[in-house]
Every structure is written in C-alpha cells, then in structure tokens.
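Asks: Following this line is structure-v3.txt, made up of compact mmCIF, C-alpha atoms:
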# COMPACT_ATOMS: atom_id res chain seq x y z
CA MET H 6 0.00 0.00 0.00
CA LYS H 7 1.74 3.13 -1.23
CA ALA H 8 0.58 6.62 -0.35
CA VAL H 9 1.14 9.51 -2.73
CA LYS H 10 1.57 13.15 -1.81
CA VAL H 11 -0.73 14.65 -4.40
CA LYS H 12 -4.46 14.99 -4.10
CA ALA H 13 -6.65 13.16 -6.60
CA ASN H 14 -9.46 15.08 -8.27
CA THR H 15 -13.10 14.17 -7.92
CA LEU H 16 -14.69 13.41 -11.26
CA CYS H 17 -18.15 12.43 -10.03
CA GLY H 18 -20.62 14.51 -11.97
CA GLY H 19 -17.95 15.94 -14.30
CA TYR H 20 -15.79 18.34 -12.27
CA LEU H 21 -13.97 19.75 -15.29
CA GLY H 22 -13.76 23.23 -13.81
CA ASP H 23 -12.24 21.95 -10.57
CA ILE H 24 -9.75 19.85 -12.48
CA MET H 25 -8.53 22.80 -14.52
CA LYS H 26 -7.76 24.63 -11.28
CA SER H 27 -5.76 21.70 -9.92
CA LYS H 28 -1.98 21.61 -9.53
CA PHE H 29 -2.00 17.83 -9.87
CA LEU H 30 -0.69 17.85 -13.45
CA ILE H 31 0.01 20.28 -16.24
CA ARG H 32 -3.33 21.67 -17.35
CA PRO H 33 -3.37 20.28 -20.92
CA VAL H 34 -2.70 16.79 -19.61
CA VAL H 35 -5.39 17.17 -16.94
CA LEU H 36 -7.88 18.33 -19.55
CA ILE H 37 -7.19 15.26 -21.68
CA VAL H 38 -7.62 12.96 -18.66
CA ALA H 39 -10.86 14.71 -17.69
CA ILE H 40 -12.31 14.41 -21.19
CA VAL H 41 -11.39 10.73 -21.41
CA MET H 42 -12.96 9.98 -18.01
CA THR H 43 -16.11 11.89 -18.88
CA LEU H 44 -16.45 9.87 -22.10
CA LEU H 45 -15.92 6.66 -20.15
CA MET H 46 -18.99 7.45 -18.09
CA ALA H 47 -21.10 6.93 -21.19
CA ILE H 48 -19.48 3.61 -22.17
CA PRO H 49 -21.45 0.52 -21.09
CA VAL H 50 -19.62 -1.55 -18.51
CA PRO H 51 -19.52 -5.35 -18.78
CA ALA H 52 -22.12 -6.93 -16.52
CA LEU H 53 -20.82 -7.85 -13.09
CA ALA H 54 -21.87 -11.00 -11.30
CA ILE H 55 -23.83 -9.15 -8.62
CA THR H 56 -27.32 -10.56 -8.83
CA LYS H 57 -28.14 -10.80 -5.13
CA ASN H 58 -29.26 -8.20 -2.64
CA VAL H 59 -26.01 -7.09 -1.04
CA HIS H 60 -27.16 -4.38 1.33
CA GLN H 61 -30.11 -3.01 3.28
CA TYR H 62 -31.65 0.41 3.73
CA ASP H 63 -32.05 2.60 6.80
CA THR H 64 -33.80 -0.01 8.89
CA TYR H 65 -31.00 0.69 11.37
CA THR H 66 -30.51 3.67 13.69
CA GLY H 67 -27.45 5.31 15.22
CA GLU H 68 -27.86 3.12 18.28
CA ASP H 69 -27.86 -0.02 16.14
CA VAL H 70 -24.50 1.07 14.73
CA TRP H 71 -22.85 2.48 17.89
CA LYS H 72 -23.36 2.12 21.64
CA ALA H 73 -26.56 3.74 22.89
CA GLY H 74 -25.88 7.15 24.43
CA SER H 75 -22.52 7.58 22.70
CA LEU H 76 -21.55 10.68 20.76
CA GLU H 77 -21.11 8.46 17.69
CA ALA H 78 -24.69 7.14 17.89
CA SER H 79 -26.00 10.66 18.35
CA ALA H 80 -23.98 11.83 15.33
CA VAL H 81 -25.44 9.10 13.09
CA ASP H 82 -29.00 9.76 14.25
CA SER H 83 -28.50 13.49 13.74
CA VAL H 84 -27.38 12.98 10.12
CA MET H 85 -30.21 10.53 9.41
CA ALA H 86 -32.77 12.97 10.81
CA GLN H 87 -31.35 15.90 8.85
CA TYR H 88 -30.96 13.92 5.61
CA PRO H 89 -33.61 11.14 5.58
CA CYS H 90 -33.15 8.08 3.41
CA CYS H 91 -34.34 8.56 -0.20
CA SER H 92 -34.54 12.34 0.24
CA TYR H 93 -33.21 14.65 -2.48
CA PHE H 94 -30.02 16.58 -1.72
CA LYS H 95 -30.28 20.14 -3.05
CA GLY H 96 -26.63 20.89 -3.52
CA GLN H 97 -24.96 23.56 -5.63
CA SER H 98 -22.64 21.47 -7.80
CA SER H 99 -23.24 18.80 -10.44
CA GLY H 100 -21.18 16.23 -8.52
CA ARG H 101 -23.11 16.33 -5.29
CA CYS H 102 -21.57 13.20 -3.79
CA ALA H 103 -18.46 15.18 -2.84
CA GLU H 104 -20.44 18.24 -1.80
CA PHE H 105 -22.65 16.12 0.46
CA GLY H 106 -19.68 14.17 1.84
CA ARG H 107 -17.69 17.27 2.76
CA LYS H 108 -20.75 18.91 4.30
CA VAL H 109 -21.40 15.95 6.62
CA ARG H 110 -17.71 15.61 7.50
CA HIS H 111 -17.32 19.31 8.34
CA GLN H 112 -20.48 19.12 10.40
CA LEU H 113 -19.24 16.22 12.53
CA ALA H 114 -15.44 16.22 12.58
CA ALA H 115 -13.32 17.90 15.24
CA ARG H 116 -10.20 16.20 13.92
CA SER H 117 -9.49 14.27 10.72
CA ALA H 118 -6.58 13.13 8.56
CA THR H 119 -6.46 12.48 4.82
CA HIS H 120 -4.49 9.67 3.20
CA TYR H 121 -4.04 9.30 -0.58
CA TYR H 122 -3.35 6.08 -2.45
CA SER H 123 -1.86 5.41 -5.86
CA ASN H 124 -2.45 1.66 -6.12
CA LEU H 125 -4.83 0.45 -3.40
CA LYS H 126 -7.43 -1.98 -4.72
CA MET H 127 -11.05 -1.83 -3.60
CA THR H 128 -11.38 -5.00 -1.53
CA GLY H 129 -13.13 -5.81 1.72
CA LYS H 130 -9.80 -6.45 3.44
CA ASN H 131 -8.42 -3.08 2.36
CA ILE H 132 -11.54 -1.24 3.51
CA VAL H 133 -11.19 -2.78 6.96
CA LYS H 134 -7.44 -2.08 6.99
CA ILE H 135 -7.72 1.65 6.30
CA ALA H 136 -11.14 2.50 7.77
CA LYS H 137 -11.69 0.28 10.80
CA GLY H 138 -12.17 2.44 13.87
CA CYS H 139 -13.16 5.55 11.94
CA LYS H 140 -15.78 7.91 13.33
CA PRO H 141 -19.02 8.89 11.55
CA GLY H 142 -18.38 11.48 8.83
CA THR H 143 -15.28 9.79 7.39
CA THR H 144 -15.24 10.22 3.59
CA LEU H 145 -13.97 7.62 1.13
CA SER H 146 -13.15 8.44 -2.53
CA PHE H 147 -12.68 5.79 -5.20
CA GLY H 148 -12.76 5.10 -8.92
CA PRO H 149 -10.54 3.72 -11.67
CA LYS H 150 -6.87 3.58 -10.71
CA GLY H 151 -5.54 7.08 -10.02
CA VAL H 152 -8.90 8.87 -10.21
CA ALA H 153 -11.29 9.94 -7.43
CA TYR H 154 -14.58 9.31 -9.20
CA HIS H 155 -17.10 9.11 -6.37
CA MET H 156 -17.29 9.89 -2.64
CA ILE H 157 -19.31 8.26 0.13
CA VAL H 158 -19.60 8.88 3.88
CA LEU H 159 -18.68 6.07 6.24
CA LEU H 160 -20.66 5.79 9.47
CA ARG H 161 -18.71 2.86 10.90
CA VAL H 162 -16.42 0.04 9.75
CA THR H 163 -15.78 -3.18 11.67
CA ASP H 164 -14.34 -6.56 10.70
CA LYS H 165 -17.84 -7.79 9.87
CA SER H 166 -19.81 -4.79 8.64
CA VAL H 167 -19.73 -1.43 6.86
CA TRP H 168 -22.39 1.23 7.41
CA TRP H 169 -22.39 4.16 5.01
CA VAL H 170 -24.44 6.92 3.43
CA ASP H 171 -24.30 7.75 -0.26
CA CYS H 172 -25.53 10.71 -2.28
CA ASN H 173 -25.78 10.73 -6.08
CA TRP H 174 -25.54 6.93 -6.33
CA ASN H 175 -26.98 6.89 -9.85
CA TRP H 176 -26.29 10.54 -10.67
CA ASP H 177 -29.74 11.38 -9.28
CA ASN H 178 -28.73 13.25 -6.07
CA TYR H 179 -30.81 11.05 -3.77
CA ILE H 180 -29.51 9.97 -0.36
CA HIS H 181 -29.26 6.32 0.68
CA TYR H 182 -28.17 4.61 3.89
CA ARG H 183 -26.69 1.15 3.49
CA GLN H 184 -25.10 -1.72 5.35
CA ALA H 185 -23.06 -4.66 4.02
CA THR H 186 -20.20 -6.96 4.88
CA PRO H 187 -16.82 -5.52 3.84
CA ALA H 188 -16.62 -8.05 0.96
CA ASP H 189 -20.12 -7.20 -0.33
CA PHE H 190 -19.42 -3.50 0.12
CA ALA H 191 -16.46 -3.80 -2.25
CA LYS H 192 -18.52 -5.76 -4.79
CA CYS H 193 -21.32 -3.20 -4.66
CA ILE H 194 -18.88 -0.34 -5.18
CA HIS H 195 -17.15 -1.96 -8.17
CA TRP H 196 -19.98 -1.44 -10.65
CA ARG H 197 -20.83 2.01 -9.33
CA ALA H 198 -18.10 4.10 -10.87
CA ASP H 199 -17.42 2.32 -14.16
CA LYS H 200 -14.94 -0.24 -12.87
CA ALA H 201 -14.22 1.58 -9.60
CA THR H 202 -11.53 -0.87 -8.67
CA HIS H 203 -9.27 1.40 -6.61
CA ILE H 204 -9.47 3.55 -3.49
CA SER H 205 -8.16 7.06 -4.12
CA SER H 206 -8.27 8.56 -0.66
CA ILE H 207 -9.83 8.48 2.78
CA THR H 208 -10.36 11.42 5.11
CA LYS H 209 -10.65 9.63 8.41
CA VAL H 210 -12.50 11.35 11.24
CA THR H 211 -10.64 10.54 14.46
CA LYS H 212 -12.52 12.85 16.83
CA LEU H 213 -16.09 14.15 16.76
CA LYS H 214 -17.27 17.62 17.67
CA ASN H 215 -19.51 18.10 20.66
CA PHE H 216 -22.81 19.50 19.46
CA SER H 217 -23.12 23.24 20.02
CA LYS H 218 -26.87 23.06 20.67
CA PHE H 219 -29.09 20.65 22.56
CA LYS H 220 -31.49 19.97 19.72
CA ALA H 221 -34.33 17.48 19.35
CA ARG H 222 -35.60 16.34 15.94
CA SER H 223 -38.34 14.16 14.58
CA ALA H 224 -36.85 11.06 12.98
CA TYR H 225 -37.94 7.77 11.46
CA ARG H 226 -36.55 4.63 9.91
CA ALA H 227 -37.72 2.94 6.73
CA ALA H 228 -39.69 0.06 8.17
CA SER H 229 -41.21 1.79 11.21
CA GLY H 230 -44.04 4.27 11.30
CA ASN H 231 -43.79 4.93 15.03
CA ALA H 232 -43.42 8.45 16.37
CA ARG H 233 -39.71 8.86 17.14
CA VAL H 234 -37.51 11.67 18.38
CA VAL H 235 -33.70 11.94 18.53
CA TRP H 236 -31.52 14.57 20.19
CA THR H 237 -27.91 15.70 20.25
CA LYS H 238 -25.76 14.35 23.07
CA VAL H 239 -25.09 16.84 25.86
CA PRO H 240 -21.52 16.67 27.30
CA GLY H 241 -21.65 15.54 30.91
CA ALA H 242 -25.27 14.41 30.80
CA LYS H 243 -25.89 11.34 32.97
CA LYS H 244 -29.42 10.74 31.76
CA TYR H 245 -32.29 12.23 29.79
CA ARG H 246 -35.98 12.53 30.61
CA VAL H 247 -38.40 12.54 27.71
CA TYR H 248 -41.65 14.43 28.12
CA ARG H 249 -44.72 14.30 25.93
CA ILE H 250 -46.54 17.61 25.67
CA VAL H 251 -50.30 17.29 26.01
CA LYS H 252 -52.47 20.42 26.03
CA GLY H 253 -49.46 22.53 26.91
CA LYS H 254 -48.39 20.35 29.86
CA ARG H 255 -45.41 17.97 30.08
CA GLU H 256 -45.95 14.30 30.87
CA LEU H 257 -42.90 12.12 31.63
CA VAL H 258 -42.84 9.13 29.27
CA ALA H 259 -39.26 7.84 29.54
CA GLU H 260 -35.93 8.13 31.31
CA THR H 261 -32.91 6.92 29.36
CA LYS H 262 -29.16 7.19 28.85
CA ALA H 263 -29.70 6.91 25.09
CA THR H 264 -30.18 9.85 22.71
CA SER H 265 -33.43 8.71 21.12
CA PHE H 266 -36.95 7.67 22.02
CA GLU H 267 -39.41 5.67 19.94
CA ASN H 268 -43.06 5.57 20.96
CA THR H 269 -43.95 1.95 20.26
CA ASP H 270 -47.51 2.59 21.44
CA SER H 271 -48.10 5.49 19.06
CA LYS H 272 -51.32 5.41 17.05
CA PRO H 273 -51.11 5.90 13.27
CA GLY H 274 -52.47 9.26 12.20
CA ARG H 275 -51.64 11.06 15.45
CA THR H 276 -48.91 13.68 15.95
CA TYR H 277 -46.94 13.64 19.19
CA ARG H 278 -44.93 16.52 20.64
CA TYR H 279 -41.88 15.92 22.81
CA GLN H 280 -39.31 17.82 24.85
CA VAL H 281 -36.16 16.36 26.42
CA LYS H 282 -34.43 17.30 29.67
CA ALA H 283 -30.72 16.54 30.11
CA ILE H 284 -29.55 15.96 33.67
CA GLY H 285 -25.93 16.13 34.89
CA LYS H 286 -23.53 17.93 37.22
CA PHE H 287 -24.33 21.09 35.24
CA GLY H 288 -27.89 20.88 36.51
CA VAL H 289 -30.55 20.55 33.82
CA LYS H 290 -30.87 21.62 30.20
CA TRP H 291 -33.99 21.61 28.05
CA SER H 292 -34.16 20.84 24.35
CA ASN H 293 -36.50 22.50 21.90
CA LYS H 294 -39.91 20.93 21.27
CA ALA H 295 -40.13 18.41 18.43
CA ALA H 296 -43.25 16.96 16.80
CA SER H 297 -43.38 13.48 15.28
CA LYS H 298 -46.28 11.98 13.38
CA ALA H 299 -47.07 8.28 13.67
CA VAL H 300 -48.16 6.36 10.57
CA ILE H 301 -48.39 2.71 9.64
CA ASP H 302 -45.13 0.99 8.72
CA SER H 303 -43.57 1.48 5.29
CA PRO H 304 -43.27 -1.50 2.93
CA VAL H 305 -39.66 -2.53 2.28
CA PRO H 306 -39.63 -4.30 -1.11
CA VAL H 307 -37.12 -6.88 -2.31
CA ILE H 308 -36.57 -7.81 -5.94
CA SER H 309 -36.51 -11.21 -7.63
CA ARG H 310 -34.53 -10.93 -10.86
CA ALA H 311 -35.60 -14.39 -11.99
CA LYS H 312 -39.31 -13.62 -11.59
CA ARG H 313 -38.92 -9.95 -12.54
CA ARG H 314 -41.04 -9.08 -9.57
CA MET H 315 -40.79 -7.13 -6.34
CA SER H 316 -42.51 -8.17 -3.12
CA TRP H 317 -42.81 -7.07 0.50
CA GLN H 318 -44.17 -8.25 3.83
CA PRO H 319 -47.79 -7.37 4.72
CA VAL H 320 -48.07 -4.13 6.70
CA GLU H 321 -50.31 -4.22 9.76
CA GLY H 322 -53.28 -1.88 9.31
CA ALA H 323 -52.87 -1.56 5.53
CA LYS H 324 -55.80 -2.11 3.16
CA SER H 325 -53.82 -1.66 -0.07
CA TYR H 326 -50.50 -0.51 -1.52
CA ARG H 327 -49.62 2.26 -3.97
CA VAL H 328 -46.75 1.58 -6.36
CA TYR H 329 -44.60 4.41 -7.74
CA ARG H 330 -42.02 4.26 -10.53
CA ARG H 331 -39.22 6.46 -11.83
CA ILE H 332 -37.53 5.68 -15.15
CA GLY H 333 -33.90 6.67 -15.49
CA MET H 334 -31.71 8.87 -13.35
CA LYS H 335 -33.48 12.08 -14.47
CA GLY H 336 -37.01 10.71 -14.49
CA LYS H 337 -39.82 11.90 -12.22
CA TRP H 338 -41.67 9.75 -9.73
CA LYS H 339 -45.09 8.71 -11.07
CA TYR H 340 -47.95 6.82 -9.47
CA ILE H 341 -48.59 3.51 -11.27
CA LYS H 342 -51.23 1.49 -9.52
CA THR H 343 -52.98 0.62 -6.25
CA ILE H 344 -53.03 -3.08 -5.41
CA LYS H 345 -54.11 -5.27 -2.51
CA LYS H 346 -51.54 -8.03 -2.85
CA THR H 347 -47.96 -7.77 -1.58
CA SER H 348 -46.10 -8.22 -4.85
CA TYR H 349 -45.98 -6.41 -8.16
CA THR H 350 -44.75 -7.32 -11.64
CA ASP H 351 -44.28 -4.40 -14.01
CA SER H 352 -44.35 -4.81 -17.79
CA LYS H 353 -41.55 -2.23 -17.92
CA PHE H 354 -39.43 -4.08 -15.38
CA ASN H 355 -36.06 -4.23 -17.13
CA VAL H 356 -33.18 -6.37 -15.88
CA LYS H 357 -31.13 -5.43 -18.94
CA ALA H 358 -31.16 -1.66 -18.39
CA ASP H 359 -27.89 0.16 -17.94
CA THR H 360 -27.17 2.28 -14.88
CA TYR H 361 -28.62 5.45 -16.41
CA LYS H 362 -31.95 3.92 -17.50
CA ALA H 363 -32.86 1.72 -14.54
CA ASN H 364 -36.45 1.59 -13.32
CA TYR H 365 -36.80 2.62 -9.68
CA TYR H 366 -39.75 1.68 -7.48
CA ARG H 367 -41.21 2.70 -4.14
CA VAL H 368 -44.31 1.43 -2.34
CA LYS H 369 -46.64 3.22 0.05
CA ALA H 370 -49.08 1.46 2.39
CA VAL H 371 -52.66 2.82 2.45
CA SER H 372 -54.16 2.68 5.96
CA LYS H 373 -57.55 1.33 6.92
CA ALA H 374 -57.74 4.21 9.43
CA GLY H 375 -57.66 6.93 6.77
CA LYS H 376 -55.27 9.14 4.79
CA ALA H 377 -53.56 10.68 7.83
CA ALA H 378 -52.28 7.24 8.85
CA ASN H 379 -50.89 6.25 5.43
CA SER H 380 -47.27 5.17 5.54
CA ARG H 381 -44.36 7.12 4.15
CA LYS H 382 -43.08 5.86 0.82
CA GLY H 383 -40.76 2.95 1.44
CA PRO H 384 -37.13 2.82 0.29
CA MET H 385 -36.27 2.71 -3.40
CA VAL H 386 -35.52 -0.53 -5.18
CA ALA H 387 -34.15 -1.03 -8.68
CA THR H 388 -32.43 -3.57 -10.85
CA THR H 389 -30.16 -3.34 -13.88
CA LYS H 390 -27.92 -5.73 -15.78
CA TYR H 391 -25.19 -4.85 -13.25
CA TYR H 392 -26.84 -5.20 -9.87
CA CYS H 393 -29.86 -5.50 -7.62
CA LEU H 394 -30.33 -2.32 -5.58
CA VAL H 395 -32.47 -3.00 -2.51
When written as structure tokens, how does the structure in this file appear?
Replies:
Amino acid sequence: MKAVKVKANTLCGGYLGDIMKSKFLIRPVVLIVAIVMTLLMAIPVPALAITKNVHQYDTYTGEDVWKAGSLEASAVDSVMAQYPCCSYFKGQSSGRCAEFGRKVRHQLAARSATHYYSNLKMTGKNIVKIAKGCKPGTTLSFGPKGVAYHMIVLLRVTDKSVWWVDCNWNWDNYIHYRQATPADFAKCIHWRADKATHISSITKVTKLKNFSKFKARSAYRAASGNARVVWTKVPGAKKYRVYRIVKGKRELVAETKATSFENTDSKPGRTYRYQVKAIGKFGVKWSNKAASKAVIDSPVPVISRAKRRMSWQPVEGAKSYRVYRRIGMKGKWKYIKTIKKTSYTDSKFNVKADTYKANYYRVKAVSKAGKAANSRKGPMVATTKYYCLV
C-alpha cells in the first residue's frame, strides 16, 4: 500500500472546472484525462456478477451502529434525521456526492486526517485495513486507478460490517443509507463508478465535535411508522428525561441514557410533541420541542430478478398498496397502480437496463384508518444488468 503526496481530483458529476484549477498535473494533460474519463462514463460496462441483494436500507438507527448514548450514535442519528433516506439533496454542484460528503464531514469532525493512495485496490480487506475504527463522517473516494470518481460517507467500519451513506448513487442526487459486509461493500462499489476498482483517498475522522446546541428532531426509519424523536448528546449528561406535551403540559414518558426515544404505542395518524431534559452535574438543560407523526409501517420491497417481480411483507393496518415508478436517473416519480396483494410485476421491469436507464420503485401502504395514517413511501428498489439495488 503506497501513499502519494498529491491529491486526486473528484470526477463524479464531471468536475472539469475543478480539475482545470488543480496543480495535480500540467493543465493540458489534466484536460485530456478529464475528457477521457467523462467519455468513459457513457461507455457501457460489462455486466458484473452481482445478482443478489447485497445491502439493506435505513432499517437501522445510530444506536444499532454504535453504543446507545454515545456521541457516535447521536452523530449518526443526527445525520439521518437531517438527511432522511431517499430524500433529495439540493446541492450547488453537479457532482453532489463530494459536496454532500464534505458537508457531513465538516459538520461532525473535530479532527481528521487524509491519506491518498496510488495503487490500493477496492477489496473488503483493504476497507477494513484503512477505515476500521473511523468515526461517523469519514469520507472515502474511489474510482478507476488514479482517479477519485465518487465519494461516500462512512458511518462505521468493523471486521464484519460497513455502514455508510451515499448521495448521487446513480447521478440522481438522492440519499441512501446502506449496510453490508466488507466483501459485499467492495462488490457493490465496483460497478458504481465504471470499474471503480481502486481507493483514491480516505479522510478519516478521528474525533467528533460536541454539538453546540441541545437539539431534538423528529426522525424515522424505513420500516417503522412509530413516532420517534432523537436529540444531540449533551456533554456531561448522565441521563435524559423525555416528556410528551399534552395540552401545553409535560408528561414524563421515559428516562434513558440513550439519545433517542421511539413511541412503540403510538397510534397511526396522530402527531406527538416531545421535549427532552438533560440531567448532569451542570444541573438541567432543556431541548427545543419536536413533533413526530405516527403512521403505519412502510413497505420494504425486495426484488426477484428471476421472476422480474418485487414483493414485501404485509403491513399491519394496511388495506392496499400504492406503487410508484421512476424511469432513469433524471425521471420523475409517477404513481402507477394501487393493489391489494404484496407483490408487483411491471411490464416495464427491465433487468437489462444500464445504470442510467434503470427503473426505480417505491411502495406506500394505504391505511384502513384513513389518509392521515398512510405510511411514508418505502425505500427505493431497482435492478439493472449490473446489480440489484435494494
């Protein structure tokens, strides 16, 4: 593993302007490299043997990834609340993966260090070797050898698992939270950036910032429709008391050392308001008030390539399901059909599509209790000749 002293340029989204400003190489040479790489983006890539579901969506929380009550868990929950899964990132640049990555890193990191690589292959073992022990907000850049093509944000890396968040996965500027084994992570990444076989750099967060404000937010995860609130960790806090606000009065509902609370008894269609009190040697501190609406659970589809069909588990309280489709990376989400069964086969379902023309799907559960209790749209699923994205 050999580190180089120069900084690789990010080509995700076509950063030609940034490249021309770089001191990495003489400008004419850089321009030629940039043009070649941009053209390569349009060249079909040989199909990879990734036909299984290699990762999951944001069915996890910060406290599933890190120890409950830790600054790391609070950091992950804070990011997931601020940038929910499958939400659109309204950045300023065309290559929003890097813009999103830097924004999250700057938001979380108190201390970080960047390492560049000239010939480090994208493998599960190498990911563990360079990223194990990193803090949330660590950014990883990769692409063809010598080129930083795409950037993701690592939330945690262990010997057995990688948790990460990705923006602009299919040049569509949507945000996704994923989890995979290190080996499957490397396989998943390979197709993503037109033979992204090499790691270009890692900016490893080694220390997190303490949050400047004690802030509570409404939050949710893909499969759960429960009312849920998360808050930023308060330095020195020994415990937190969670209060539900009813008719202007506080009612104590929980005492915890964690930095989140999920109301498992919440009723779909109702909105709950919460406020959190931190208790420590400093005395007490109060968070802001945060409202969270309970709905029925969201369907989480999986795809069968062989049957060209997606299916999901029945959702309690649902009377039917609405299916939505988006065609291609620049397409718009459109309602297709309402069905009562828990599977759907689309005549336009295309397992031979390239990365740019994939069909994306989301499913929403319709509640028996009325519109206010309908679920949120579940996570996106898609399939192409390269991979199954679920």
Asks: Could you jot down the atom CA of Gly285 of chain H to atom CA of Arg222 of chain H separation for me, Å, one decimal place?
Replies: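 The value is 21.3 Å.
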Asks: Excluding Ser348 of chain H and any residue of its chain fewer than 6 positions from it, enumerate the residues within 8 Å of it, using only C-alpha atoms, and give them as a list in words.
Replies: Arg314, Met315, Ser316 and Trp317 of chain H
Asks: Limited to C-alpha atoms, could you put the picked residues into a file as a JSON list (two decimals), in the frame of the given file?
Replies:
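Resulting contents of selection12.json:
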[["chain", "number", "residue", "atom", "x", "y", "z"],
["H", 314, "ARG", "CA", -41.04, -9.08, -9.57],
["H", 315, "MET", "CA", -40.79, -7.13, -6.34],
["H", 316, "SER", "CA", -42.51, -8.17, -3.12],
["H", 317, "TRP", "CA", -42.81, -7.07, 0.50]]
Asks: When distances are computed from only C-alpha atoms, which of H:Phe219, H:Tyr182, H:Trp174, H:Phe94 shows the smallest separation from Ala242 of chain H?
Replies: H:Phe219
Asks: Pick the closest to Val300 of chain H from H:Ser146, H:Asn379, H:Thr237, H:Gln112: which is it, counting only C-alpha atoms?
Replies: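 Of H:Ser146, H:Asn379, H:Thr237, H:Gln112, the one nearest Val300 of chain H, counting only C-alpha atoms, is H:Asn379.
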Asks: To one decimal place, how far is atom CA of His181 of chain H from atom CA of Ala103 of chain H in Å?
Replies: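 That distance, rounded to one decimal, is 14.4 Å.
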Asks: Using atom CA of Phe266 of chain H and atom CA of Asp164 of chain H as the two end points, give the distance in Å to one decimal.
Replies: 29.0 Å
Asks: Skip Tyr245 of chain H itself and residues of its chain fewer than 5 positions away, then list as number ranges by chain all residues within 8 Å of it, counting only C-alpha atoms.
Replies: H: 260-264, 281-284
Asks: For segment 243-262 of chain H, take all atoms listed in the file, fit an axis-aligned box around them, add 4 Å to each of the six sides, then output centre and edge lengths in Å rounded to one decimal, as JSON.
Replies:
{"center_x": -39.2, "center_y": 14.7, "center_z": 29.3, "size_x": 34.6, "size_y": 23.6, "size_z": 15.3}
Asks: For the point (-43.1, 3.9, -0.2) in file coordinates, what residues are within 7 Å, counting all atoms listed in the file? Give the answer as a list in words?
Replies: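 Result, sorted by chain then residue number: Ser303, Pro304, Arg367, Val368, Lys369, Ala370, Arg381, Lys382, Gly383 and Pro384 of chain H.
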Asks: Could you tell me which of H:Ala118, H:Ile135, H:Val70, H:Val239 comes closest to Phe287 of chain H if we count only C-alpha atoms?
Replies: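 Smallest distance to Phe287 of chain H is found for H:Val239.
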Asks: Let me make sure I understand: among H:Arg101, H:Lys140, H:Arg183, H:His120, which one has the smallest atom-to-atom distance to Met85 of chain H if we use only C-alpha atoms?
Replies: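 Nearest candidate to Met85 of chain H out of H:Arg101, H:Lys140, H:Arg183, H:His120: H:Arg183.
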Asks: Neighbouring residues of Phe216 of chain H were defined as those with any atom within 12 Å, considering only C-alpha atoms; residues of the same chain fewer than 2 positions away were excluded. Please report them as a list in words.
Replies: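 Here the answer would be Leu76, Glu77, Ser79, Ala80, Ser83, Gln112, Leu113, Ala114, Ala115, Leu213, Lys214, Lys218, Phe219, Lys220, Ala221, Trp236, Thr237, Lys238, Val239 and Pro240 of chain H.
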Asks: Which of these residues is nearest to Lys252 of chain H, using all atoms listed in the file: H:Tyr277, H:Asn124, H:Thr202, H:Ala228?
Replies: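 Closest candidate: H:Tyr277.
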Asks: Counting all atoms listed in the file, I want the residues whose atoms come within 10 Å of (-58.1, 2.4, 3.6) in the file frame, returned as a PyMOL selection string.
Replies: chain H and resi 322-326+370-376+378-379
Asks: Counting all atoms listed in the file, which residue out of H:Lys357, H:Asp177, H:Cys193, H:Lys345 sits closest to Arg331 of chain H?
Replies: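 Once distances to Arg331 of chain H are computed over all atoms listed in the file, the minimum belongs to H:Asp177.
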Asks: Would you pick out the contacts of Ser206 of chain H at 9 Å or less, using all atoms listed in the file, so that residues sharing its chain but fewer than 3 positions from it are not included, and give the list as a list of chain:residue names?
Replies: H:Lys12, H:Ala13, H:Thr119, H:His120, H:Tyr121, H:Tyr122, H:Ser123, H:Thr144, H:Leu145, H:Ser146, H:Phe147, H:Ala153
Asks: Near Ala259 of chain H, counting only C-alpha atoms, which residues have an atom at most 7 Å away, once you skip same-chain residues fewer than 2 positions from it, shown as an MDAnalysis selection string?
Replies: chainID H and resid 246:247 257 261
